[in-house]
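To start, the structure under review is shown below, and the notes come after it.
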Amino acid sequence: MIRTLLLVLAPLLPAVLVATYAAIDVSVRDARDALSDRARQTVALLAGGAAEAVWNLDRAGVGVLLAPMAGDPAFIGARVLLADGRLLVALGTPFAPAVDVIVESQPLVRAAAGPDGADERIGTLELALTTAHGEAVARSRARAIGLIGFGVSLVVCGVLAYIIREVTAPIRSVTASLTALAAGRTDVAIPVAPHPDEIGRMVAALAVLKEHAAERLRFIERQSGQMEEIERRVAERTRELRAALDTLRQAQDELVRAERLAGLGGMVATIAHEINTPLGNGLTVATTLVERIDAFTRTLDGRELRRSALREHSQSLATAGRLLTANLLRAADLISRFKRVAVDQTSEQRRAFTLDELCAEVAAMVQPAHKRSGVTFALEPAAGVTMDSYPGALGQVLTNLMTNAVLHGFDAAAAGGERAAAVLRIATEPPDEDGRVTLIVEDNGAGIAPAVLPRIFDPFFTTRLGSGGSGLGLHIVYAIVTSVLGGTIAVTSTPGVGTRFTMRLPVTAPLHGAGPDGGDGDDDGWSAAAVSVRRPVQPA
């Protein structure tokens, strides 16, 4: 309050003083000006009557003329001088020029008798008036103005003090309480309202607000406790779910490995069966050849050798040699192809290879296992496409797609009585401007239903649940193509027409598993962990 009053009085009091001084100065100047005008008018008025008396040297008449001036509070003195400077009449006290004295003089003249005559100066009238009385009145008025200004200042300070005490101070207290409540403090004291006015109602509302804030704070504390308990339970469930997820991932990795090993095992069984045929034929031919040699030896021992018998034995031996050579070459070719495919799928190494040769080798490995299905494998590769990638991973992709087409597409078509000439086409296109080759695997089988098509790459999704389907074949295909080979795969299918898988693969596969020394990690391969993705993005 004191600070506010001082801030108000600091400019107000100097303003009152300046106003008082200005009023005094203006009043004094106005009084001097008014007195000077009055002196001139009085002298001019008295000059006419005094001139006649001076001409007649009538001192008494001049005295009577000047006598009324003695009653003027500002009158000091008056005198009439003759033309030669002699004093004729003097009234009042002698006067001399001073700051607070106004002296006015008027020449006394006598008019000429004729029209052509000049006025004659016969004397001088002088009148002296003092400004002391007027200045005293002006100062008195200025003091009154100053007292009034000071009184107004006191009244303003009193009103302001009342406003501060009755309005500003309570509002400041309420504001401090609101600030504390906004900061979350509910222990703040609520000010007491002195009167039941607007401020009193504001204080009452503030008390209610404080109670509500305290209640909300208690509610938040209860909720915080509950949230901490929920967070603890969520943390426990998260740990349990993490453990379960790790277990599922391990199981998925094991299933992926089992799927790969199962495919390799099936290939081994098929190749073993295929090799058994030429080896069995070769064994039969070799046995027959041994018998024929024994018979020829007996013929030589019996000394009954004839030209016709020698020719017959020679032809038999030549035929047996050709049959034995053909069967052994067939077995050697199968073993060589299987060795390359098996090494690629087990070594998991990156190398340069020709795409058409890889497709031919994989088709040669897969075809014998499904030779009774009547499916024709049509190879249409672009010649001379060399890739620096993972042949084992690409071979497994082709194997899974071919096997999936035979097992799902053509079996479903045969079961529906829609089986025509079953053709499984594997085609490639040369690299484009981006350095990517297009690999197509399509069939003219039963196709995929639209409701199933968006989910075929999901892990563990199969339409042959309980009939040998694991639901990992196409999931592994998607994971290898996108994660290992660095490409994309899309599928289109029309029920009753067929299914088409289109892969776009970079000629140079991306590097995987760089070692700590900054190496490219080519030998890291594409182990089961590399294809253990949570869920592939749905294909377009």
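Ordered as shown in the structure tokens, chains take letters A, B, and onward, while each chain numbers its residues from 1 and ligands are numbered from 1 in the order shown.
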
For this session: Show which residues sit within 9 Å of segment 82-88 of chain A, as a PyMOL selection string. Count only C-alpha atoms, and ignore same-chain residues fewer than 4 positions away.
Result: chain A and resi 54+57-59+62+108+121-124

For this session: With a distance cut-off of 9 Å and only C-alpha atoms, select the neighbouring residues of segment 420-437 of chain A, excluding the residue or stretch itself and same-chain residues fewer than 4 positions from it, and output the selection as an MDAnalysis selection string.
Result: chainID A and resid 355:356 359 363 373:385 398 402 405:406 410 413:414 441:445 487 503:508

Problem set entry | Those in segment 23-162 of chain A with strand (DSSP E or B) from DSSP, as number ranges by chain | A: 75-82, 87-92, 101-110, 120-130

For this session: Go through A:Arg292, A:Arg455, A:Arg79, A:His212 and flag the residue nearest Leu317 of chain A, using only C-alpha atoms for the distances.
Result: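 Checking each of A:Arg292, A:Arg455, A:Arg79, A:His212 against Leu317 of chain A, counting only C-alpha atoms, the winner is A:Arg292.
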
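Non-sequential neighbours of segment 7-18 of chain A (distance at most 7 Å, separation of 2 or more positions within a chain, only C-alpha atoms) are Arg3, Thr4, Leu5, Thr20, Tyr21, Ala22, Gly146, Gly149, Phe150 and Ser153 of chain A.
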
For this session: Between atom CA of Leu127 of chain A and atom CA of Ala142 of chain A, measure the distance and give it in Å to one decimal.
Result: 29.0 Å
